[in-house]
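As provided, final25.txt (compact mmCIF, N, CA and C atoms) reads as follows.
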```txt
# COMPACT_ATOMS: atom_id res chain seq x y z
N MET A 298 98.29 -106.74 7.73
CA MET A 298 99.20 -105.81 8.37
C MET A 298 98.98 -104.40 7.84
N ARG A 299 98.80 -104.34 6.55
CA ARG A 299 98.60 -103.05 5.90
C ARG A 299 97.30 -102.40 6.39
N LYS A 300 96.23 -103.19 6.50
CA LYS A 300 94.94 -102.68 6.96
C LYS A 300 95.03 -102.21 8.40
N LEU A 301 95.82 -102.90 9.21
CA LEU A 301 96.00 -102.53 10.60
C LEU A 301 96.68 -101.16 10.72
N CYS A 302 97.70 -100.93 9.90
CA CYS A 302 98.40 -99.64 9.90
C CYS A 302 97.46 -98.51 9.46
N ILE A 303 96.68 -98.75 8.44
CA ILE A 303 95.74 -97.74 7.94
C ILE A 303 94.69 -97.45 9.02
N THR A 304 94.22 -98.47 9.70
CA THR A 304 93.24 -98.29 10.77
C THR A 304 93.81 -97.44 11.89
N TRP A 305 95.04 -97.72 12.28
CA TRP A 305 95.70 -96.94 13.34
C TRP A 305 95.89 -95.48 12.91
N MET A 306 96.25 -95.26 11.67
CA MET A 306 96.43 -93.89 11.19
C MET A 306 95.10 -93.14 11.20
N LEU A 307 94.03 -93.77 10.75
CA LEU A 307 92.72 -93.14 10.76
C LEU A 307 92.25 -92.83 12.18
N ALA A 308 92.51 -93.74 13.09
CA ALA A 308 92.15 -93.51 14.49
C ALA A 308 92.92 -92.32 15.05
N ALA A 309 94.21 -92.24 14.74
CA ALA A 309 95.03 -91.12 15.21
C ALA A 309 94.54 -89.80 14.63
N ILE A 310 94.17 -89.79 13.38
CA ILE A 310 93.66 -88.57 12.73
C ILE A 310 92.35 -88.14 13.38
N CYS A 311 91.47 -89.08 13.66
CA CYS A 311 90.18 -88.76 14.29
C CYS A 311 90.39 -88.18 15.68
N VAL A 312 91.26 -88.78 16.46
CA VAL A 312 91.53 -88.29 17.81
C VAL A 312 92.15 -86.90 17.76
N THR A 313 93.10 -86.71 16.89
CA THR A 313 93.75 -85.40 16.74
C THR A 313 92.74 -84.35 16.32
N SER A 314 91.88 -84.69 15.41
CA SER A 314 90.86 -83.76 14.95
C SER A 314 89.90 -83.39 16.07
N ALA A 315 89.50 -84.36 16.86
CA ALA A 315 88.58 -84.09 17.97
C ALA A 315 89.23 -83.19 19.02
N VAL A 316 90.48 -83.44 19.33
CA VAL A 316 91.20 -82.61 20.30
C VAL A 316 91.36 -81.20 19.76
N ALA A 317 91.67 -81.04 18.49
CA ALA A 317 91.82 -79.72 17.89
C ALA A 317 90.51 -78.95 17.91
N GLN A 318 89.39 -79.62 17.64
CA GLN A 318 88.09 -78.95 17.67
C GLN A 318 87.75 -78.51 19.09
N GLU A 319 88.06 -79.32 20.08
CA GLU A 319 87.78 -78.97 21.47
C GLU A 319 88.65 -77.77 21.89
N ALA A 320 89.90 -77.76 21.47
CA ALA A 320 90.78 -76.64 21.78
C ALA A 320 90.27 -75.35 21.13
N LYS A 321 89.76 -75.45 19.91
CA LYS A 321 89.21 -74.30 19.21
C LYS A 321 88.00 -73.75 19.95
N LYS A 322 87.13 -74.64 20.47
CA LYS A 322 85.96 -74.21 21.25
C LYS A 322 86.41 -73.46 22.49
N ASN A 323 87.40 -73.99 23.20
CA ASN A 323 87.89 -73.37 24.43
C ASN A 323 88.58 -72.05 24.15
N GLU A 324 89.16 -71.90 22.97
CA GLU A 324 89.86 -70.68 22.61
C GLU A 324 88.90 -69.51 22.49
N ASN A 325 87.68 -69.77 22.04
CA ASN A 325 86.70 -68.72 21.84
C ASN A 325 86.00 -68.29 23.13
N VAL A 326 86.17 -69.03 24.21
CA VAL A 326 85.55 -68.68 25.48
C VAL A 326 86.36 -67.56 26.11
N LYS A 327 85.69 -66.47 26.46
CA LYS A 327 86.36 -65.33 27.05
C LYS A 327 86.40 -65.50 28.56
N VAL A 328 87.59 -65.44 29.12
CA VAL A 328 87.76 -65.61 30.55
C VAL A 328 87.61 -64.25 31.22
N GLU A 329 86.86 -64.23 32.32
CA GLU A 329 86.69 -63.00 33.06
C GLU A 329 87.75 -62.93 34.14
N TRP A 330 88.39 -61.78 34.25
CA TRP A 330 89.40 -61.57 35.27
C TRP A 330 88.78 -60.75 36.37
N SER A 331 88.88 -61.21 37.59
CA SER A 331 88.26 -60.51 38.71
C SER A 331 89.06 -59.29 39.14
N GLY A 332 90.25 -59.12 38.63
CA GLY A 332 91.06 -57.95 38.96
C GLY A 332 91.89 -58.13 40.22
N ASN A 333 91.96 -59.36 40.73
CA ASN A 333 92.75 -59.56 41.94
C ASN A 333 94.23 -59.44 41.62
N ILE A 334 94.93 -58.73 42.48
CA ILE A 334 96.36 -58.46 42.30
C ILE A 334 97.09 -58.91 43.55
N ASN A 335 98.16 -59.65 43.38
CA ASN A 335 98.97 -60.08 44.51
C ASN A 335 99.79 -58.87 44.96
N ARG A 336 99.38 -58.27 46.06
CA ARG A 336 100.00 -57.02 46.52
C ARG A 336 101.45 -57.22 46.96
N ALA A 337 101.76 -58.34 47.56
CA ALA A 337 103.12 -58.59 48.01
C ALA A 337 104.09 -58.66 46.82
N LYS A 338 103.69 -59.39 45.78
CA LYS A 338 104.54 -59.48 44.59
C LYS A 338 104.62 -58.14 43.87
N LEU A 339 103.51 -57.42 43.84
CA LEU A 339 103.51 -56.10 43.20
C LEU A 339 104.43 -55.15 43.95
N ALA A 340 104.37 -55.15 45.27
CA ALA A 340 105.23 -54.29 46.08
C ALA A 340 106.70 -54.62 45.86
N CYS A 341 106.99 -55.90 45.76
CA CYS A 341 108.38 -56.33 45.51
C CYS A 341 108.83 -55.91 44.12
N TYR A 342 107.98 -56.13 43.12
CA TYR A 342 108.31 -55.81 41.73
C TYR A 342 108.52 -54.31 41.53
N LEU A 343 107.64 -53.50 42.13
CA LEU A 343 107.73 -52.05 41.96
C LEU A 343 108.67 -51.39 42.96
N ARG A 344 109.13 -52.15 43.96
CA ARG A 344 109.99 -51.62 45.02
C ARG A 344 109.33 -50.41 45.69
N LEU A 345 108.15 -50.68 46.22
CA LEU A 345 107.38 -49.61 46.85
C LEU A 345 108.05 -49.12 48.13
N THR A 346 107.92 -47.84 48.38
CA THR A 346 108.40 -47.26 49.63
C THR A 346 107.36 -47.55 50.71
N PRO A 347 107.74 -47.46 51.98
CA PRO A 347 106.77 -47.74 53.04
C PRO A 347 105.52 -46.86 52.96
N GLY A 348 105.64 -45.65 52.50
CA GLY A 348 104.50 -44.76 52.38
C GLY A 348 103.58 -45.08 51.20
N GLN A 349 104.04 -45.91 50.29
CA GLN A 349 103.25 -46.26 49.11
C GLN A 349 102.42 -47.53 49.30
N HIS A 350 102.75 -48.34 50.28
CA HIS A 350 102.07 -49.63 50.45
C HIS A 350 100.57 -49.48 50.67
N GLU A 351 100.17 -48.63 51.59
CA GLU A 351 98.75 -48.49 51.89
C GLU A 351 97.95 -47.90 50.73
N PRO A 352 98.42 -46.81 50.09
CA PRO A 352 97.65 -46.30 48.94
C PRO A 352 97.54 -47.30 47.80
N VAL A 353 98.59 -48.04 47.52
CA VAL A 353 98.56 -49.04 46.45
C VAL A 353 97.58 -50.16 46.81
N ALA A 354 97.57 -50.59 48.06
CA ALA A 354 96.63 -51.62 48.49
C ALA A 354 95.19 -51.14 48.34
N THR A 355 94.94 -49.88 48.69
CA THR A 355 93.59 -49.31 48.55
C THR A 355 93.18 -49.25 47.09
N ILE A 356 94.10 -48.85 46.22
CA ILE A 356 93.81 -48.79 44.79
C ILE A 356 93.54 -50.19 44.23
N CYS A 357 94.31 -51.18 44.68
CA CYS A 357 94.09 -52.56 44.23
C CYS A 357 92.72 -53.07 44.67
N ASP A 358 92.33 -52.75 45.90
CA ASP A 358 91.00 -53.14 46.38
C ASP A 358 89.90 -52.48 45.55
N TYR A 359 90.07 -51.20 45.27
CA TYR A 359 89.09 -50.47 44.46
C TYR A 359 89.00 -51.08 43.05
N PHE A 360 90.15 -51.40 42.46
CA PHE A 360 90.18 -52.01 41.12
C PHE A 360 89.48 -53.36 41.12
N GLU A 361 89.72 -54.16 42.14
CA GLU A 361 89.07 -55.47 42.22
C GLU A 361 87.56 -55.32 42.33
N ASP A 362 87.10 -54.36 43.12
CA ASP A 362 85.65 -54.11 43.24
C ASP A 362 85.06 -53.67 41.90
N GLU A 363 85.75 -52.77 41.21
CA GLU A 363 85.27 -52.28 39.92
C GLU A 363 85.24 -53.39 38.87
N MET A 364 86.24 -54.25 38.85
CA MET A 364 86.27 -55.36 37.90
C MET A 364 85.16 -56.37 38.21
N ARG A 365 84.89 -56.58 39.50
CA ARG A 365 83.81 -57.49 39.87
C ARG A 365 82.47 -56.93 39.38
N LEU A 366 82.26 -55.63 39.56
CA LEU A 366 81.03 -54.99 39.08
C LEU A 366 80.94 -55.03 37.55
N ALA A 367 82.05 -54.79 36.89
CA ALA A 367 82.07 -54.80 35.42
C ALA A 367 81.75 -56.19 34.88
N ASN A 368 82.31 -57.21 35.49
CA ASN A 368 82.05 -58.58 35.03
C ASN A 368 80.62 -59.02 35.31
N ALA A 369 80.01 -58.46 36.34
CA ALA A 369 78.64 -58.82 36.70
C ALA A 369 77.60 -58.07 35.86
N SER A 370 78.01 -56.99 35.22
CA SER A 370 77.04 -56.18 34.47
C SER A 370 76.64 -56.88 33.17
N LYS A 371 75.42 -56.67 32.79
CA LYS A 371 74.88 -57.27 31.56
C LYS A 371 75.12 -56.36 30.36
N LYS A 372 74.98 -55.05 30.58
CA LYS A 372 75.11 -54.09 29.48
C LYS A 372 76.46 -53.35 29.59
N LYS A 373 77.03 -53.06 28.45
CA LYS A 373 78.26 -52.27 28.36
C LYS A 373 79.39 -52.83 29.22
N LYS A 374 79.53 -54.14 29.20
CA LYS A 374 80.54 -54.81 30.00
C LYS A 374 81.95 -54.36 29.61
N ASP A 375 82.22 -54.34 28.29
CA ASP A 375 83.55 -53.93 27.83
C ASP A 375 83.88 -52.50 28.23
N GLN A 376 82.88 -51.64 28.16
CA GLN A 376 83.08 -50.24 28.52
C GLN A 376 83.38 -50.11 30.02
N ARG A 377 82.70 -50.88 30.84
CA ARG A 377 82.94 -50.83 32.28
C ARG A 377 84.31 -51.39 32.65
N VAL A 378 84.73 -52.44 31.96
CA VAL A 378 86.08 -53.00 32.19
C VAL A 378 87.12 -51.96 31.80
N ARG A 379 86.94 -51.33 30.64
CA ARG A 379 87.87 -50.30 30.19
C ARG A 379 87.93 -49.15 31.20
N HIS A 380 86.78 -48.74 31.70
CA HIS A 380 86.74 -47.65 32.69
C HIS A 380 87.49 -48.06 33.96
N ALA A 381 87.31 -49.31 34.42
CA ALA A 381 87.99 -49.79 35.62
C ALA A 381 89.50 -49.79 35.43
N VAL A 382 89.96 -50.23 34.26
CA VAL A 382 91.40 -50.27 33.99
C VAL A 382 91.99 -48.87 33.95
N TYR A 383 91.34 -47.97 33.21
CA TYR A 383 91.88 -46.61 33.10
C TYR A 383 91.80 -45.85 34.42
N ALA A 384 90.77 -46.10 35.23
CA ALA A 384 90.70 -45.48 36.56
C ALA A 384 91.84 -45.98 37.43
N ASN A 385 92.12 -47.28 37.34
CA ASN A 385 93.23 -47.86 38.09
C ASN A 385 94.55 -47.23 37.69
N LEU A 386 94.76 -47.09 36.39
CA LEU A 386 96.02 -46.50 35.91
C LEU A 386 96.14 -45.04 36.36
N LYS A 387 95.05 -44.31 36.32
CA LYS A 387 95.08 -42.90 36.73
C LYS A 387 95.42 -42.78 38.21
N LEU A 388 94.81 -43.63 39.04
CA LEU A 388 95.11 -43.59 40.47
C LEU A 388 96.55 -44.00 40.76
N MET A 389 97.03 -45.00 40.06
CA MET A 389 98.41 -45.45 40.26
C MET A 389 99.41 -44.38 39.81
N LYS A 390 99.07 -43.64 38.76
CA LYS A 390 99.97 -42.61 38.27
C LYS A 390 100.21 -41.54 39.34
N GLY A 391 99.18 -41.24 40.12
CA GLY A 391 99.33 -40.25 41.19
C GLY A 391 100.06 -40.79 42.40
N THR A 392 100.19 -42.10 42.51
CA THR A 392 100.80 -42.71 43.69
C THR A 392 102.25 -43.13 43.45
N LEU A 393 102.54 -43.59 42.25
CA LEU A 393 103.87 -44.13 41.93
C LEU A 393 104.76 -43.07 41.28
N ASP A 394 106.08 -43.28 41.36
CA ASP A 394 106.97 -42.39 40.62
C ASP A 394 107.03 -42.84 39.16
N ARG A 395 107.77 -42.12 38.33
CA ARG A 395 107.76 -42.40 36.88
C ARG A 395 108.20 -43.82 36.52
N LYS A 396 109.29 -44.27 37.09
CA LYS A 396 109.80 -45.60 36.77
C LYS A 396 108.83 -46.68 37.25
N GLN A 397 108.34 -46.52 38.48
CA GLN A 397 107.39 -47.49 39.01
C GLN A 397 106.12 -47.52 38.14
N TYR A 398 105.65 -46.35 37.74
CA TYR A 398 104.44 -46.30 36.93
C TYR A 398 104.66 -46.95 35.56
N ALA A 399 105.82 -46.70 34.96
CA ALA A 399 106.12 -47.33 33.66
C ALA A 399 106.15 -48.85 33.80
N ASP A 400 106.75 -49.34 34.87
CA ASP A 400 106.78 -50.78 35.12
C ASP A 400 105.36 -51.32 35.36
N TYR A 401 104.55 -50.56 36.09
CA TYR A 401 103.18 -50.99 36.38
C TYR A 401 102.34 -51.04 35.11
N VAL A 402 102.48 -50.05 34.25
CA VAL A 402 101.73 -50.04 32.99
C VAL A 402 102.12 -51.23 32.13
N ARG A 403 103.40 -51.52 32.07
CA ARG A 403 103.88 -52.67 31.30
C ARG A 403 103.32 -53.97 31.89
N LEU A 404 103.33 -54.09 33.20
CA LEU A 404 102.80 -55.28 33.86
C LEU A 404 101.30 -55.42 33.64
N MET A 405 100.56 -54.32 33.73
CA MET A 405 99.12 -54.35 33.52
C MET A 405 98.79 -54.71 32.07
N ALA A 406 99.54 -54.17 31.13
CA ALA A 406 99.31 -54.47 29.71
C ALA A 406 99.53 -55.96 29.43
N MET A 407 100.59 -56.53 30.00
CA MET A 407 100.84 -57.96 29.80
C MET A 407 99.76 -58.81 30.46
N THR A 408 99.33 -58.41 31.64
CA THR A 408 98.28 -59.16 32.33
C THR A 408 96.98 -59.14 31.55
N LEU A 409 96.60 -57.96 31.08
CA LEU A 409 95.37 -57.83 30.31
C LEU A 409 95.45 -58.65 29.02
N GLN A 410 96.60 -58.61 28.38
CA GLN A 410 96.77 -59.38 27.14
C GLN A 410 96.68 -60.88 27.43
N ASN A 411 97.30 -61.32 28.50
CA ASN A 411 97.24 -62.74 28.87
C ASN A 411 95.83 -63.19 29.23
N LYS A 412 95.04 -62.27 29.78
CA LYS A 412 93.67 -62.60 30.17
C LYS A 412 92.71 -62.44 28.99
N GLY A 413 93.20 -61.92 27.86
CA GLY A 413 92.34 -61.77 26.68
C GLY A 413 91.44 -60.56 26.75
N ILE A 414 91.84 -59.54 27.50
CA ILE A 414 91.04 -58.34 27.66
C ILE A 414 91.64 -57.23 26.81
N GLU A 415 90.81 -56.64 25.95
CA GLU A 415 91.26 -55.53 25.11
C GLU A 415 90.60 -54.25 25.62
N VAL A 416 91.41 -53.25 25.90
CA VAL A 416 90.86 -51.99 26.41
C VAL A 416 91.26 -50.79 25.54
N ASP A 417 92.03 -51.00 24.52
CA ASP A 417 92.54 -49.89 23.70
C ASP A 417 91.64 -49.57 22.52
N LYS A 418 90.36 -49.39 22.79
CA LYS A 418 89.42 -49.07 21.71
C LYS A 418 89.11 -47.60 21.74
```
Let me see the file written as C-alpha cells.
Amino acid sequence: MRKLCITWMLAAICVTSAVAQEAKKNENVKVEWSGNINRAKLACYLRLTPGQHEPVATICDYFEDEMRLANASKKKKDQRVRHAVYANLKLMKGTLDRKQYADYVRLMAMTLQNKGIEVDK
C-alpha cells in the first residue's frame, strides 16, 4: 500500500513537471497581433459621433495594414510595430476629443500589454 502511494505521488510530480515545462515553453513564444480592431465595439466604447465613424474606420484599416507589414518584416520588426502604434495614436488624437482619446490610449495600452507587445522603448 505504501509503495502504491509513493508511485502515485511520483507520477503526479512527473505529470505536473511536464505540464509546467510545456507552459514555460509557450510563455516564451511571442504572439503577433495583426492589429485588427472591432470597430463596432470601439465606436460604442468611445461613443463616437456620426462624423467620427468613417475617419476612425479609415485609421483602423491603416493601422491593420501597418501591423501586417511590421509582422511580415524580417529586419527592425519591433521598430516598425512601434512606428505603427505611434502613427495610429497620432491619427486618433486628431480625430477624437480629449476624453475619447484618453480612453483610446488606455484601451490600446491594455491591448498591447495583453498581446505582449512593448513599444515604450
Counting only C-alpha atoms, find the residues whose atoms lie at most 10 Å from (105.1, -50.9, 42.0) (file coordinates) and write them out as a PDB file with N, CA and C atoms, keeping the file's coordinate frame.
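So the final result, stored in out_32.pdb, reads:
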```pdb
ATOM      1  N   ARG A 336      99.380 -58.270  46.060  1.00  0.00           N
ATOM      2  CA  ARG A 336     100.000 -57.020  46.520  1.00  0.00           C
ATOM      3  C   ARG A 336     101.450 -57.220  46.960  1.00  0.00           C
ATOM      4  N   ALA A 337     101.760 -58.340  47.560  1.00  0.00           N
ATOM      5  CA  ALA A 337     103.120 -58.590  48.010  1.00  0.00           C
ATOM      6  C   ALA A 337     104.090 -58.660  46.820  1.00  0.00           C
ATOM      7  N   LYS A 338     103.690 -59.390  45.780  1.00  0.00           N
ATOM      8  CA  LYS A 338     104.540 -59.480  44.590  1.00  0.00           C
ATOM      9  C   LYS A 338     104.620 -58.140  43.870  1.00  0.00           C
ATOM     10  N   LEU A 339     103.510 -57.420  43.840  1.00  0.00           N
ATOM     11  CA  LEU A 339     103.510 -56.100  43.200  1.00  0.00           C
ATOM     12  C   LEU A 339     104.430 -55.150  43.950  1.00  0.00           C
ATOM     13  N   ALA A 340     104.370 -55.150  45.270  1.00  0.00           N
ATOM     14  CA  ALA A 340     105.230 -54.290  46.080  1.00  0.00           C
ATOM     15  C   ALA A 340     106.700 -54.620  45.860  1.00  0.00           C
ATOM     16  N   CYS A 341     106.990 -55.900  45.760  1.00  0.00           N
ATOM     17  CA  CYS A 341     108.380 -56.330  45.510  1.00  0.00           C
ATOM     18  C   CYS A 341     108.830 -55.910  44.120  1.00  0.00           C
ATOM     19  N   TYR A 342     107.980 -56.130  43.120  1.00  0.00           N
ATOM     20  CA  TYR A 342     108.310 -55.810  41.730  1.00  0.00           C
ATOM     21  C   TYR A 342     108.520 -54.310  41.530  1.00  0.00           C
ATOM     22  N   LEU A 343     107.640 -53.500  42.130  1.00  0.00           N
ATOM     23  CA  LEU A 343     107.730 -52.050  41.960  1.00  0.00           C
ATOM     24  C   LEU A 343     108.670 -51.390  42.960  1.00  0.00           C
ATOM     25  N   ARG A 344     109.130 -52.150  43.960  1.00  0.00           N
ATOM     26  CA  ARG A 344     109.990 -51.620  45.020  1.00  0.00           C
ATOM     27  C   ARG A 344     109.330 -50.410  45.690  1.00  0.00           C
ATOM     28  N   LEU A 345     108.150 -50.680  46.220  1.00  0.00           N
ATOM     29  CA  LEU A 345     107.380 -49.610  46.850  1.00  0.00           C
ATOM     30  C   LEU A 345     108.050 -49.120  48.130  1.00  0.00           C
ATOM     31  N   THR A 346     107.920 -47.840  48.380  1.00  0.00           N
ATOM     32  CA  THR A 346     108.400 -47.260  49.630  1.00  0.00           C
ATOM     33  C   THR A 346     107.360 -47.550  50.710  1.00  0.00           C
ATOM     34  N   GLN A 349     104.040 -45.910  50.290  1.00  0.00           N
ATOM     35  CA  GLN A 349     103.250 -46.260  49.110  1.00  0.00           C
ATOM     36  C   GLN A 349     102.420 -47.530  49.300  1.00  0.00           C
ATOM     37  N   HIS A 350     102.750 -48.340  50.280  1.00  0.00           N
ATOM     38  CA  HIS A 350     102.070 -49.630  50.450  1.00  0.00           C
ATOM     39  C   HIS A 350     100.570 -49.480  50.670  1.00  0.00           C
ATOM     40  N   VAL A 353      98.590 -48.040  47.520  1.00  0.00           N
ATOM     41  CA  VAL A 353      98.560 -49.040  46.450  1.00  0.00           C
ATOM     42  C   VAL A 353      97.580 -50.160  46.810  1.00  0.00           C
ATOM     43  N   MET A 389      97.030 -45.000  40.060  1.00  0.00           N
ATOM     44  CA  MET A 389      98.410 -45.450  40.260  1.00  0.00           C
ATOM     45  C   MET A 389      99.410 -44.380  39.810  1.00  0.00           C
ATOM     46  N   THR A 392     100.190 -42.100  42.510  1.00  0.00           N
ATOM     47  CA  THR A 392     100.800 -42.710  43.690  1.00  0.00           C
ATOM     48  C   THR A 392     102.250 -43.130  43.450  1.00  0.00           C
ATOM     49  N   LEU A 393     102.540 -43.590  42.250  1.00  0.00           N
ATOM     50  CA  LEU A 393     103.870 -44.130  41.930  1.00  0.00           C
ATOM     51  C   LEU A 393     104.760 -43.070  41.280  1.00  0.00           C
ATOM     52  N   ASP A 394     106.080 -43.280  41.360  1.00  0.00           N
ATOM     53  CA  ASP A 394     106.970 -42.390  40.620  1.00  0.00           C
ATOM     54  C   ASP A 394     107.030 -42.840  39.160  1.00  0.00           C
ATOM     55  N   LYS A 396     109.290 -44.270  37.090  1.00  0.00           N
ATOM     56  CA  LYS A 396     109.800 -45.600  36.770  1.00  0.00           C
ATOM     57  C   LYS A 396     108.830 -46.680  37.250  1.00  0.00           C
ATOM     58  N   GLN A 397     108.340 -46.520  38.480  1.00  0.00           N
ATOM     59  CA  GLN A 397     107.390 -47.490  39.010  1.00  0.00           C
ATOM     60  C   GLN A 397     106.120 -47.520  38.140  1.00  0.00           C
ATOM     61  N   TYR A 398     105.650 -46.350  37.740  1.00  0.00           N
ATOM     62  CA  TYR A 398     104.440 -46.300  36.930  1.00  0.00           C
ATOM     63  C   TYR A 398     104.660 -46.950  35.560  1.00  0.00           C
ATOM     64  N   ALA A 399     105.820 -46.700  34.960  1.00  0.00           N
ATOM     65  CA  ALA A 399     106.120 -47.330  33.660  1.00  0.00           C
ATOM     66  C   ALA A 399     106.150 -48.850  33.800  1.00  0.00           C
ATOM     67  N   ASP A 400     106.750 -49.340  34.870  1.00  0.00           N
ATOM     68  CA  ASP A 400     106.780 -50.780  35.120  1.00  0.00           C
ATOM     69  C   ASP A 400     105.360 -51.320  35.360  1.00  0.00           C
ATOM     70  N   TYR A 401     104.550 -50.560  36.090  1.00  0.00           N
ATOM     71  CA  TYR A 401     103.180 -50.990  36.380  1.00  0.00           C
ATOM     72  C   TYR A 401     102.340 -51.040  35.110  1.00  0.00           C
ATOM     73  N   VAL A 402     102.480 -50.050  34.250  1.00  0.00           N
ATOM     74  CA  VAL A 402     101.730 -50.040  32.990  1.00  0.00           C
ATOM     75  C   VAL A 402     102.120 -51.230  32.130  1.00  0.00           C
ATOM     76  N   LEU A 404     103.330 -54.090  33.200  1.00  0.00           N
ATOM     77  CA  LEU A 404     102.800 -55.280  33.860  1.00  0.00           C
ATOM     78  C   LEU A 404     101.300 -55.420  33.640  1.00  0.00           C
TER      79      LEU A 404
END
```
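Our summary of the geometry notes that atom CA of Lys371 of chain A is positioned 16.7 Å from atom CA of Ile414 of chain A.
Put simply, atom CA of Tyr359 of chain A is 8.0 Å away from atom CA of Asn385 of chain A.
Reported to one decimal place, the separation of atom CA of Ile334 of chain A from atom C of Asp417 of chain A is 22.2 Å.
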Name the residues of segment 324-368 of chain A that come out as alpha helix (DSSP H) in a backbone DSSP run; write them as JSON, numbers by chain. {"A": [324, 336, 337, 338, 339, 340, 341, 342, 343, 347, 348, 349, 350, 351, 352, 353, 354, 355, 356, 357, 358, 359, 360, 361, 362, 363, 364, 365, 366, 367, 368]}
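Proximity ranking of A:Glu361, A:Ala406, A:Glu415, A:Arg395 relative to Asp375 of chain A places A:Glu415 first, based on all atoms listed in the file.
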For Glu363 of chain A, list every protein, DNA or RNA residue within 8 Å, evaluated using only N, CA and C atoms, and leave out those in the same chain fewer than 2 positions away; present the list as a list in words. Ser331, Gly332, Cys357, Asp358, Tyr359, Phe360, Glu361, Arg365, Leu366, Ala367, Asn368, Ala369, Arg377, Val378, His380, Ala381 and Val382 of chain A
